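S.K.: Next up, final.txt (compact mmCIF, C-alpha atoms and all ligand atoms).
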# COMPACT_ATOMS: atom_id res chain seq x y z
CA MET A 1 90.27 88.25 135.78
CA ASN A 2 89.64 91.99 136.05
CA LYS A 3 90.14 94.40 133.18
CA TRP A 4 93.68 95.33 134.22
CA GLY A 5 94.71 91.73 134.66
CA LYS A 6 93.57 91.00 131.13
CA LEU A 7 95.22 94.09 129.79
CA SER A 8 98.60 93.34 131.27
CA LEU A 9 98.39 89.73 130.17
CA GLY A 10 97.65 90.97 126.69
CA MET A 11 100.60 93.36 126.87
CA LEU A 12 102.81 90.49 127.92
CA LEU A 13 101.70 88.50 124.90
CA VAL A 14 102.32 91.42 122.60
CA ALA A 15 105.73 91.79 124.16
CA GLY A 16 106.27 88.15 123.25
CA LEU A 17 105.44 88.85 119.62
CA MET A 18 107.82 91.77 119.74
CA THR A 19 110.78 89.77 120.98
CA GLY A 20 113.91 91.29 119.64
CA CYS A 21 112.23 94.50 118.59
CA GLY A 22 115.12 96.50 120.01
CA ASN A 23 117.43 94.79 117.60
CA ASN A 24 116.66 96.87 114.56
CA ASN A 25 119.32 96.71 111.90
CA LYS A 26 120.86 93.77 113.62
CA GLU A 27 122.46 91.44 111.17
CA ASN A 28 121.65 87.82 111.22
CA THR A 29 123.39 85.34 108.99
CA THR A 30 121.83 82.19 107.71
CA ALA A 31 123.91 79.98 105.52
CA GLU A 32 121.33 77.24 105.71
CA GLY A 33 120.35 75.72 102.40
CA SER A 34 123.17 77.43 100.59
CA GLY A 35 124.66 75.09 98.06
CA ALA A 36 127.85 77.11 97.89
CA THR A 37 131.12 75.26 98.20
CA THR A 38 133.96 77.60 98.91
CA ASN A 39 137.28 76.02 98.27
CA THR A 40 138.84 79.17 96.91
CA THR A 41 140.08 82.17 98.84
CA ALA A 42 137.44 84.43 97.25
CA ALA A 43 135.03 86.00 99.74
CA ALA A 44 131.67 84.21 99.81
CA LYS A 45 128.92 85.98 97.91
CA THR A 46 126.28 87.49 100.17
CA LEU A 47 122.68 88.47 99.49
CA THR A 48 121.34 91.07 101.92
CA LEU A 49 117.62 90.99 102.67
CA GLY A 50 115.78 94.00 104.07
CA THR A 51 112.62 93.14 106.02
CA SER A 52 110.40 94.51 108.79
CA ALA A 53 110.12 91.53 111.11
CA ASP A 54 106.98 92.64 112.95
CA PHE A 55 104.68 90.72 110.66
CA PRO A 56 103.81 87.12 111.59
CA PRO A 57 103.56 84.78 109.68
CA TYR A 58 105.48 86.67 106.93
CA GLU A 59 108.51 87.69 109.05
CA PHE A 60 108.81 87.78 112.81
CA HIS A 61 111.17 87.11 115.69
CA LYS A 62 111.25 83.74 117.36
CA VAL A 63 113.68 82.17 119.79
CA VAL A 64 115.10 79.16 117.96
CA ASP A 65 117.55 76.96 119.87
CA GLY A 66 117.88 79.70 122.48
CA LYS A 67 118.70 82.33 119.88
CA ASP A 68 116.58 85.26 118.66
CA THR A 69 115.96 84.51 114.98
CA VAL A 70 114.01 86.14 112.18
CA VAL A 71 111.64 83.51 110.75
CA GLY A 72 108.54 83.39 108.53
CA PHE A 73 107.48 82.39 105.04
CA ASP A 74 109.12 85.43 103.42
CA ILE A 75 112.37 84.36 105.07
CA GLU A 76 112.04 80.84 103.64
CA ILE A 77 111.64 82.39 100.19
CA ALA A 78 114.72 84.56 100.77
CA LYS A 79 116.75 81.51 101.83
CA ASN A 80 115.77 79.75 98.61
CA ILE A 81 116.75 82.71 96.44
CA ALA A 82 120.14 82.88 98.20
CA ALA A 83 120.65 79.12 97.89
CA ASP A 84 119.79 79.17 94.16
CA MET A 85 122.46 81.87 93.74
CA GLY A 86 125.01 80.10 95.88
CA ALA A 87 125.04 83.12 98.17
CA GLU A 88 124.94 83.55 101.92
CA LEU A 89 121.79 85.28 103.17
CA VAL A 90 122.20 88.27 105.50
CA ILE A 91 119.01 89.58 107.13
CA LYS A 92 118.57 93.24 108.12
CA ASP A 93 115.51 93.99 110.24
CA MET A 94 114.27 97.60 110.04
CA PRO A 95 111.08 99.69 110.09
CA PHE A 96 108.84 99.02 107.09
CA LYS A 97 108.98 102.66 105.98
CA SER A 98 112.79 102.54 105.54
CA LEU A 99 112.92 99.46 103.32
CA LEU A 100 112.63 100.95 99.84
CA ASN A 101 115.16 103.73 100.57
CA GLU A 102 117.65 101.16 101.82
CA LEU A 103 117.07 99.26 98.58
CA SER A 104 117.60 102.29 96.35
CA SER A 105 120.75 103.28 98.20
CA GLY A 106 122.13 99.75 97.87
CA ARG A 107 122.34 98.99 101.60
CA VAL A 108 120.15 95.94 101.02
CA ASP A 109 119.96 93.84 97.83
CA MET A 110 116.32 92.85 98.04
CA VAL A 111 113.20 93.48 100.10
CA ILE A 112 110.81 90.70 101.06
CA SER A 113 108.37 92.06 103.61
CA GLY A 114 104.77 91.37 102.59
CA LEU A 115 105.35 94.13 100.04
CA SER A 116 102.33 95.06 97.90
CA PRO A 117 103.02 96.23 94.33
CA THR A 118 101.68 99.81 94.10
CA PRO A 119 102.21 102.02 91.02
CA GLU A 120 104.47 104.38 93.05
CA ARG A 121 106.67 101.51 94.24
CA GLU A 122 106.76 100.15 90.69
CA LYS A 123 108.33 103.45 89.63
CA ALA A 124 110.87 103.57 92.45
CA VAL A 125 112.22 99.99 92.51
CA GLY A 126 112.17 96.73 90.55
CA LEU A 127 109.29 94.42 91.53
CA SER A 128 109.07 90.66 90.98
CA ASP A 129 106.14 88.49 89.99
CA ILE A 130 103.45 88.03 92.66
CA TYR A 131 104.34 85.12 94.96
CA TYR A 132 101.32 85.08 97.28
CA LYS A 133 97.91 86.72 97.73
CA ALA A 134 95.89 87.57 100.82
CA GLU A 135 92.95 89.75 101.79
CA GLN A 136 92.89 92.72 104.14
CA ALA A 137 91.20 92.55 107.54
CA VAL A 138 89.94 94.95 110.19
CA VAL A 139 91.05 94.25 113.78
CA VAL A 140 89.21 95.71 116.80
CA ARG A 141 88.69 95.01 120.50
CA GLU A 142 86.46 91.95 120.83
CA ALA A 143 83.58 93.94 122.35
CA ASP A 144 83.47 96.17 119.24
CA LYS A 145 83.32 93.33 116.73
CA ASP A 146 79.69 93.96 115.68
CA LYS A 147 79.96 97.73 115.96
CA PHE A 148 82.62 97.80 113.21
CA ALA A 149 81.23 95.12 110.90
CA THR A 150 81.30 97.28 107.75
CA MET A 151 83.80 99.69 106.19
CA ASP A 152 81.20 102.47 106.57
CA SER A 153 81.19 101.98 110.32
CA LEU A 154 84.87 103.02 110.41
CA LYS A 155 84.04 106.59 109.38
CA GLY A 156 85.25 109.06 112.00
CA THR A 157 87.07 106.41 114.06
CA LYS A 158 90.63 106.39 115.37
CA LEU A 159 92.69 104.02 113.22
CA GLY A 160 96.13 102.63 114.00
CA ILE A 161 98.18 101.79 110.90
CA GLN A 162 101.77 101.01 109.90
CA THR A 163 103.72 103.97 108.54
CA GLY A 164 104.38 103.73 104.81
CA SER A 165 102.03 100.81 104.23
CA ILE A 166 99.16 100.52 101.77
CA GLN A 167 96.91 100.31 104.84
CA GLU A 168 97.84 103.93 105.50
CA ASP A 169 96.37 104.81 102.09
CA ILE A 170 93.26 102.73 102.71
CA ALA A 171 92.77 104.51 106.06
CA LYS A 172 93.24 107.95 104.47
CA GLY A 173 90.30 107.12 102.21
CA ILE A 174 87.96 106.59 105.17
CA GLU A 175 85.93 109.72 105.83
CA GLY A 176 86.75 111.50 109.06
CA ALA A 177 89.12 108.79 110.28
CA LYS A 178 91.94 109.95 112.56
CA LEU A 179 95.16 108.13 111.82
CA THR A 180 97.86 107.07 114.24
CA SER A 181 100.87 105.93 112.19
CA LEU A 182 103.26 103.60 113.96
CA ALA A 183 106.44 101.76 112.93
CA LYS A 184 105.40 98.30 114.11
CA ILE A 185 102.20 96.27 114.07
CA SER A 186 102.81 95.26 117.69
CA GLU A 187 102.67 98.94 118.68
CA ILE A 188 99.31 99.26 116.93
CA VAL A 189 98.04 96.23 118.84
CA MET A 190 99.04 97.87 122.14
CA GLN A 191 97.21 101.06 121.13
CA LEU A 192 94.11 98.95 120.49
CA GLN A 193 94.41 97.22 123.85
CA SER A 194 94.77 100.49 125.70
CA ASN A 195 91.77 102.11 123.91
CA ARG A 196 93.89 104.73 122.16
CA VAL A 197 92.73 103.60 118.71
CA ASP A 198 89.45 101.92 117.73
CA ALA A 199 90.56 99.73 114.87
CA SER A 200 93.39 98.75 112.59
CA ILE A 201 93.65 97.49 109.03
CA MET A 202 96.19 94.80 108.27
CA GLU A 203 96.81 91.77 106.07
CA GLY A 204 94.41 88.91 106.90
CA PRO A 205 97.14 86.40 107.84
CA VAL A 206 98.80 88.98 110.15
CA ALA A 207 95.45 89.84 111.74
CA LYS A 208 94.83 86.14 112.39
CA ALA A 209 98.27 85.66 113.94
CA PHE A 210 97.79 88.57 116.38
CA VAL A 211 94.18 87.72 117.25
CA LYS A 212 95.23 84.16 118.10
CA LYS A 213 98.05 85.34 120.39
CA VAL A 214 96.58 88.45 121.97
CA LYS A 215 93.50 88.16 124.18
CA GLY A 216 90.60 90.54 123.65
CA LEU A 217 91.02 91.29 119.94
CA ALA A 218 88.82 90.21 117.04
CA ILE A 219 88.59 90.41 113.25
CA THR A 220 85.36 92.05 112.05
CA ASP A 221 83.28 91.32 108.94
CA ALA A 222 84.41 94.59 107.33
CA LYS A 223 86.32 93.97 104.10
CA PRO A 224 88.77 96.66 102.98
CA GLU A 225 89.03 96.66 99.19
CA VAL A 226 92.49 96.87 97.62
CA GLU A 227 93.67 96.61 94.05
CA ASP A 228 97.14 95.35 94.93
CA ASP A 229 96.26 92.16 96.74
CA GLY A 230 99.47 90.24 96.03
CA TYR A 231 103.01 90.33 97.43
CA VAL A 232 106.22 90.88 95.50
CA VAL A 233 109.96 90.98 96.06
CA GLY A 234 111.67 94.34 95.56
CA VAL A 235 115.14 94.84 94.08
CA LYS A 236 117.05 98.00 93.21
CA LYS A 237 115.75 99.67 90.04
CA GLY A 238 117.71 98.31 87.08
CA ASN A 239 119.07 95.20 88.81
CA THR A 240 117.56 92.90 86.20
CA GLU A 241 120.06 90.14 86.93
CA LEU A 242 118.82 89.73 90.49
CA LEU A 243 115.19 90.26 89.43
CA ASP A 244 115.48 87.41 86.89
CA GLN A 245 117.00 85.17 89.55
CA VAL A 246 114.23 86.07 92.03
CA ASN A 247 111.51 85.30 89.48
CA LYS A 248 113.18 82.02 88.58
CA THR A 249 113.23 80.92 92.22
CA LEU A 250 109.62 82.05 92.74
CA THR A 251 108.52 80.03 89.69
CA ARG A 252 110.35 76.98 91.01
CA LEU A 253 108.87 77.33 94.52
CA ASN A 254 105.38 77.78 93.11
CA SER A 255 105.60 74.78 90.80
CA GLU A 256 106.81 72.66 93.72
CA GLY A 257 103.91 73.86 95.89
CA LYS A 258 106.50 75.15 98.39
CA ILE A 259 105.07 78.59 99.06
CA ASP A 260 101.82 77.19 100.48
CA GLN A 261 103.88 74.81 102.62
CA PHE A 262 106.00 77.71 103.90
CA VAL A 263 102.85 79.69 104.76
CA THR A 264 101.36 76.77 106.71
CA ALA A 265 104.60 76.07 108.59
CA ALA A 266 105.16 79.76 109.41
CA SER A 267 101.57 80.15 110.64
CA GLU A 268 102.05 77.19 112.98
CA LEU A 269 105.36 78.60 114.17
CA ALA A 270 103.74 81.99 114.85
CA GLU A 271 101.06 80.32 116.97
CA SER A 272 103.41 78.09 118.91
CA GLU A 273 104.94 79.16 122.21
N1 LIG B 301 101.31 94.89 102.37
C1 LIG B 301 101.45 96.17 102.99
C2 LIG B 301 102.29 97.08 102.13
O1 LIG B 301 103.00 96.64 101.26
C3 LIG B 301 102.04 96.09 104.38
C4 LIG B 301 103.33 95.38 104.47
C5 LIG B 301 103.96 95.50 105.84
N2 LIG B 301 105.05 94.60 105.99
C6 LIG B 301 105.71 94.36 107.14
N3 LIG B 301 106.63 93.45 107.15
N4 LIG B 301 105.42 95.03 108.21
O2 LIG B 301 102.28 98.26 102.31
Have the structure of the file written as structure tokens, please.
M.R.:
Amino acid sequence: MNKWGKLSLGMLLVAGLMTGCGNNNKENTTAEGSGATTNTTAAAKTLTLGTSADFPPYEFHKVVDGKDTVVGFDIEIAKNIAADMGAELVIKDMPFKSLLNELSSGRVDMVISGLSPTPEREKAVGLSDIYYKAEQAVVVREADKDKFATMDSLKGTKLGIQTGSIQEDIAKGIEGAKLTSLAKISEIVMQLQSNRVDASIMEGPVAKAFVKKVKGLAITDAKPEVEDDGYVVGVKKGNTELLDQVNKTLTRLNSEGKIDQFVTAASELAESE
């Protein structure tokens, strides 16, 4: 296959990972797992989740039973929180950079979106206990794998990163790097494929999911160092009632070994056709 054939095939695959990307802010209801029995006339309690579903295996779009659905291990956690509360889960998909504002303004009740607990975020919103940990990875075009094998080798390169993410801060710390900030990881992947950026920094599990699906990309040996290597759930500042409930559900899921199961299942789902 010539270069252009490969490129367009790659684009097609990225487009597959982006399924439903035009549906930002679309609401998606999932009553599944909710133990609520409504035999009164009172309106059912809802729990609105804000997430940026561009992030396999955490949260991504998948056609399930012919229907575009937001799936992933963060979504399984959200379903369990809603079920433990007897509430109906409503999912709002939006750009990552909008999530914490939506939370503070009360348009979503909680954020689960591979969110890392930084000191600034800690000040702005309520953050739960850490529910999962992963390392950061550097993704490049396959041919450049050895060229960018250390963090030092990224000096002066063009880096594609997600707007508002901790990866943006990591990238800003790399001497001479030129940053292209984009709303979605899939857009960054397309920039890599079309030679407009040299490398990207993303969560290891996300890097693996894209490298498996998109031809011509690779993870290098470079290891970005971060202090905040875990993921937390965000709630509105001061909503201690919901925060307590979230932590209770996270403790339960952890003690049942469920989170690791969700991660495995979501990774398989992300790889499947
Ligand atoms: N962990 C990083 C952060 O908190 C990136 C999260 C991006 N999440 C997403 N669903 N796109 O900044």
S.K.: To one decimal in Å, tell me the separation between atom CA of Val226 of chain A and atom CA of Glu142 of chain A.
M.R.: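 Between atom CA of Val226 of chain A and atom CA of Glu142 of chain A the gap is 24.5 Å.
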S.K.: To one decimal place, how far is atom CA of Tyr58 of chain A from atom CA of Thr118 of chain A in Å?
M.R.: 18.8 Å
S.K.: Using all atoms listed in the file, find each residue in chain A having at least one atom no more than 7 Å away from ligand LIG 301 (chain B); report its shortest atom-to-atom pair and that distance in Å (one decimal), rows by chain then rising number, as a Markdown table.
M.R.:
| residue | atom | partner | partner_atom | distance |
| --- | --- | --- | --- | --- |
| A:Thr51 | CA | B:LIG301 | N3 | 6.1 |
| A:Ser52 | CA | B:LIG301 | N3 | 4.2 |
| A:Ala53 | CA | B:LIG301 | N3 | 5.6 |
| A:Asp54 | CA | B:LIG301 | N4 | 5.5 |
| A:Phe55 | CA | B:LIG301 | N3 | 4.9 |
| A:Tyr58 | CA | B:LIG301 | N3 | 6.9 |
| A:Glu59 | CA | B:LIG301 | N3 | 6.3 |
| A:Phe96 | CA | B:LIG301 | N4 | 5.4 |
| A:Ser113 | CA | B:LIG301 | N3 | 4.2 |
| A:Gly114 | CA | B:LIG301 | C4 | 4.7 |
| A:Leu115 | CA | B:LIG301 | O1 | 3.6 |
| A:Ser116 | CA | B:LIG301 | O1 | 3.8 |
| A:Pro117 | CA | B:LIG301 | O1 | 6.9 |
| A:Gly164 | CA | B:LIG301 | O2 | 6.4 |
| A:Ser165 | CA | B:LIG301 | O2 | 3.2 |
| A:Ile166 | CA | B:LIG301 | O2 | 3.9 |
| A:Gln167 | CA | B:LIG301 | O2 | 6.3 |
| A:Lys184 | CA | B:LIG301 | N4 | 6.7 |
| A:Ile185 | CA | B:LIG301 | N4 | 6.8 |
| A:Glu203 | CA | B:LIG301 | N1 | 6.6 |
| A:Tyr231 | CA | B:LIG301 | N1 | 6.9 |
S.K.: What is the distance between atom CA of Ala137 of chain A and atom CA of Phe73 of chain A, in Å to one decimal?
M.R.: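 Taking atom CA of Ala137 of chain A as the start and atom CA of Phe73 of chain A as the end point, the length is 19.4 Å.
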S.K.: Applying 10 Å and all atoms listed in the file, which residues near Lys178 of chain A remain after dropping the ones on its own chain fewer than 4 positions away? List them as a list in words.
M.R.: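 So, after excluding close chain neighbours, the residues are Lys155, Gly156, Thr157, Lys158, Leu159, Gly160, Ala171, Lys172, Ile174, Val197 and Asp198 of chain A.
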S.K.: Let me make sure I understand: among A:Glu120, A:Gly257, A:Ala266, A:Glu135, which one has the smallest atom-to-atom distance to His61 of chain A if we use only C-alpha atoms?
M.R.: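 Under the stated criterion, the closest residue is A:Ala266.
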S.K.: Can you work out which one of A:Ala124, A:Lys97, A:Ala209, A:Gln162 has the shortest atom-to-atom distance to Leu269 of chain A, counting only C-alpha atoms?
M.R.: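 Counting only C-alpha atoms, the residue closest to Leu269 of chain A is A:Ala209.
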S.K.: I'd like to know which of A:Ser105, A:Ile81, A:Val140, A:Gly66 is closest to Gly216 of chain A, using only C-alpha atoms.
M.R.: A:Val140
S.K.: Residues within 10 Å of Tyr132 of chain A, please, as a ChimeraX atom specification. Count all atoms listed in the file; anything in the same chain fewer than 6 positions from it doesn't count.
M.R.: /A:74,114,229-232,250,254,259-260,263
S.K.: Choose the residue, out of A:Phe262, A:Phe210, A:Tyr131, A:Phe60, that has the smallest atom-to-atom separation from Val233 of chain A; count only C-alpha atoms.
M.R.: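 That would be A:Tyr131, the residue with the smallest distance to Val233 of chain A.
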S.K.: Near Asn239 of chain A, within 10 Å and counting all atoms listed in the file, which residues show up once chain neighbours fewer than 6 positions away are dropped, as a list in words?
M.R.: Asp109, Met110, Val125 and Gly126 of chain A
S.K.: Could you take the residues named above and write them with C-alpha atoms, as a PDB file, in the frame of the given file?
M.R.:
ATOM      1  CA  ASP A 109     119.960  93.840  97.830  1.00  0.00           C
ATOM      2  CA  MET A 110     116.320  92.850  98.040  1.00  0.00           C
ATOM      3  CA  VAL A 125     112.220  99.990  92.510  1.00  0.00           C
ATOM      4  CA  GLY A 126     112.170  96.730  90.550  1.00  0.00           C
TER       5      GLY A 126
END
S.K.: Calculated over all atoms listed in the file, which of the candidates A:Gln193, A:Ile161, A:Lys45, A:Val64 has the smallest distance to Ala143 of chain A?
M.R.: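 Ranked by minimum distance to Ala143 of chain A, first place goes to A:Gln193.
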S.K.: Of the residues A:Thr251, A:Asn101, A:Ile219, A:Glu227, which is the one nearest to Ala207 of chain A, using only C-alpha atoms?
M.R.: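 Counting only C-alpha atoms, the residue closest to Ala207 of chain A is A:Ile219.
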